[in-house]
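What follows is one structure encoded as structure tokens, with my remarks underneath.
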Number of protein chains: 2
Amino acid sequence: MRVSAKADYAVRAAAELAAADEGPVKGEKLAEAQDIPLQFLEHILLELKHHGIVRARRGAKGGYWLARPADEVTIADVVRAVEGPIADVQSTPPEAIEYRGNSEHLREVWVAVRASLRSVLEEVTLANLVAGELPPVVEELISQPDAWHASTSTKEMTG
Amino acid sequence: MRVSAKADYAVRAAAELAAADEGPVKGEKLAEAQDIPLQFLEHILLELKHHGIVRARRGAKGGYWLARPADEVTIADVVRAVEGPIADVQSTPPEAIEYRGNSEHLREVWVAVRASLRSVLEEVTLANLVAGELPPVVEELISQPDAWHASTSTKEMTG
DNA sequence: GCACTCCTGACCAAGACAGTCAGGAAAGTC
DNA sequence: GACTTTCCTGACTGTCTTGGTCAGGAGTGC
């Protein structure tokens, strides 16, 4: 249930590409802008390329650019490219798991977890991200003060 | 962004405990009911105990039971006990990260991700789970057919 | 005192994570 | 055609996590 450095880096690099107006951007520039180790970033960009998120050209005037308009690439697209399926359970999609006994309805819960993740990640595009104009779903989620604290319920800590 | 075997096991074992009416349940019985390797499960139950989710007694009539009523233990409690904080980014809580340049608003997105996870995990109690009476938030999420498919947008796969 | 059950630490193999290193291959420039 | 630039790729590395297993110790109840 954590976001890897790789996924974080990937989204940040993609955001830089989304903000760049026309023309390829060098990997080095992306690395500097977002403070990401260059060689690691290159591997990430390569994965993004393999998944059709970005395109690239080598040579003097080379660099990377988005394969699609920034408002057609969601954060989910980027995360899936580098991390694989979102919210798998034991490396299996939640709907494919059979639960027995008293945990029979756990499958629905994991499916709901995935759906709720998607409701955020698939709604926010790179264009939204760089413009700071986040969709209503997101605005509502972050408008609640509780969302900004480390943990709301600490019942299990005290007893 | 995946649910570990450990977390899955923990919730399933907790569900069995929630369904057991009075009296300690042996680890072996939990392991059998949910098809979990016994020795691994014992470690998990120990962690749950350390976090005050379950209690235990040794000896002839020993076993495990929930420390609190099943309707006061959420799935979030159980998951946090074995996996730590939900939705950390690079092992750091999202609100603690400073983003620069064009990814400035990424923090809000990750906070929203965490909030949306919580909106599911903190709403579903063990009592809900075993009764199959999932809260409205969850019911609504799983009522949409898309929620049951592996991936909705595959744009990045084709081009 | 003995059986039962939890408790705990040590260990292990495989894989993920977060990179680094070295070199090759296209693209543009002169 | 040489040369520079930049991406492309595989190999490698050290540490941590995952998903367990093994062996033994410590309470509990009869």
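Please note that chains go A, B, ... in the order of the structure tokens, that every chain numbers its residues from 1, and that ligands are numbered from 1 in the order shown.
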
field: Interface list for chain B, partner chain A, 6 Å threshold, only C-alpha atoms, as number ranges by chain
entry: B: 1-5, 12, 15-16, 51-52, 86-90, 102-103, 105, 112, 115-116, 130, 132, 138, 141-142, 147, 156, 159

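Residues from chain A that have an atom within 8 Å of chain D, counting only C-alpha atoms (C1' of nucleotides), are Lys26, Leu46, Ala56, Arg57, Arg58, Gly59, Ala60, Lys61, Gly62 and Gly63 of chain A.
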
Serialized selection, N, CA and C atoms, as a short mmCIF file (atom, residue, chain, number, x, y, z; two decimals), in the first residue's frame:
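Saved result, selection-v1.cif, follows:
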```
data_model
loop_
_atom_site.label_atom_id
_atom_site.label_comp_id
_atom_site.auth_asym_id
_atom_site.auth_seq_id
_atom_site.Cartn_x
_atom_site.Cartn_y
_atom_site.Cartn_z
N LYS A 26 15.55 17.06 -22.70
CA LYS A 26 16.63 16.13 -22.37
C LYS A 26 16.40 15.47 -21.01
N LEU A 46 12.60 4.94 -20.09
CA LEU A 46 12.57 3.86 -21.07
C LEU A 46 11.32 3.00 -20.87
N ALA A 56 10.72 9.34 -27.71
CA ALA A 56 12.06 9.89 -27.53
C ALA A 56 12.81 9.93 -28.85
N ARG A 57 13.79 10.79 -28.90
CA ARG A 57 14.69 10.80 -30.04
C ARG A 57 16.11 11.01 -29.54
N ARG A 58 17.05 10.30 -30.17
CA ARG A 58 18.43 10.42 -29.76
C ARG A 58 19.11 11.57 -30.49
N GLY A 59 20.34 11.82 -30.11
CA GLY A 59 21.14 12.78 -30.84
C GLY A 59 21.06 14.20 -30.33
N ALA A 60 21.70 15.07 -31.10
CA ALA A 60 21.90 16.45 -30.70
C ALA A 60 20.63 17.16 -30.20
N LYS A 61 19.60 17.15 -31.01
CA LYS A 61 18.38 17.85 -30.58
C LYS A 61 17.35 16.88 -30.02
N GLY A 62 17.86 15.79 -29.45
CA GLY A 62 16.98 14.75 -28.95
C GLY A 62 16.40 15.05 -27.58
N GLY A 63 15.66 14.06 -27.07
CA GLY A 63 15.02 14.21 -25.77
C GLY A 63 13.72 13.42 -25.72
#
```

Range 36-67 of chain A: residues DSSP assigns to strand (DSSP E), reported as a PDB file with N, CA and C atoms, in the first residue's frame:
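Contents of the output file selection.pdb:
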```pdb
ATOM      1  N   VAL A  54       5.551   7.989 -23.341  1.00  0.00           N
ATOM      2  CA  VAL A  54       6.398   9.036 -23.916  1.00  0.00           C
ATOM      3  C   VAL A  54       7.019   8.535 -25.228  1.00  0.00           C
ATOM      4  N   ARG A  55       7.570   9.462 -25.975  1.00  0.00           N
ATOM      5  CA  ARG A  55       8.399   9.141 -27.132  1.00  0.00           C
ATOM      6  C   ARG A  55       9.756   9.786 -26.921  1.00  0.00           C
ATOM      7  N   ALA A  56      10.721   9.344 -27.714  1.00  0.00           N
ATOM      8  CA  ALA A  56      12.062   9.886 -27.530  1.00  0.00           C
ATOM      9  C   ALA A  56      12.811   9.933 -28.849  1.00  0.00           C
ATOM     10  N   ARG A  57      13.789  10.792 -28.901  1.00  0.00           N
ATOM     11  CA  ARG A  57      14.692  10.803 -30.037  1.00  0.00           C
ATOM     12  C   ARG A  57      16.113  11.007 -29.537  1.00  0.00           C
ATOM     13  N   GLY A  63      15.659  14.060 -27.072  1.00  0.00           N
ATOM     14  CA  GLY A  63      15.021  14.210 -25.769  1.00  0.00           C
ATOM     15  C   GLY A  63      13.725  13.421 -25.717  1.00  0.00           C
ATOM     16  N   TYR A  64      12.921  13.721 -24.729  1.00  0.00           N
ATOM     17  CA  TYR A  64      11.661  12.999 -24.521  1.00  0.00           C
ATOM     18  C   TYR A  64      10.481  13.950 -24.652  1.00  0.00           C
ATOM     19  N   TRP A  65       9.344  13.399 -25.079  1.00  0.00           N
ATOM     20  CA  TRP A  65       8.105  14.167 -25.057  1.00  0.00           C
ATOM     21  C   TRP A  65       6.931  13.214 -24.882  1.00  0.00           C
ATOM     22  N   LEU A  66       5.806  13.755 -24.493  1.00  0.00           N
ATOM     23  CA  LEU A  66       4.628  12.917 -24.268  1.00  0.00           C
ATOM     24  C   LEU A  66       4.087  12.384 -25.580  1.00  0.00           C
TER      25      LEU A  66
END
```

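On all C-alpha atoms, the superposed RMSD for chain B relative to chain A stands at 0.0 Å.
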
For the contact check between chain C and chain B, emit one row per residue of chain C within 10 Å, containing the shortest atom pair and the distance in Å rounded to one decimal, counting only C-alpha atoms (C1' of nucleotides), chain then rising number order, as CSV.
```
residue,atom,partner,partner_atom,distance
C:DA3,C1',B:Ala60,CA,7.6
C:DC4,C1',B:Ala60,CA,4.5
C:DT5,C1',B:Gly59,CA,4.5
C:DC6,C1',B:Arg58,CA,4.7
C:DC7,C1',B:Leu46,CA,7.8
C:DT8,C1',B:His43,CA,9.1
```

task: Please give the complete set of residues from range 7-129 of chain B that DSSP, run on the backbone, assigns to helix (DSSP H, G or I), formatted as a VMD selection string.
output: chain B and resid 7 to 19 27 to 34 38 to 50 70 to 72 75 to 83 94 to 96 101 to 103 106 to 121 126 to 129

- line: note - C1' of DA10 in chain C and CA of Phe40 in chain B are separated by 14.3 Å

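Going from C1' of DC21 in chain C to CA of Val25 in chain A covers 23.9 Å.
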
- request: Take CA of Gly23 in chain B and CA of Pro37 in chain B and report the distance between them in Å, one decimal.
  value: 22.6 Å
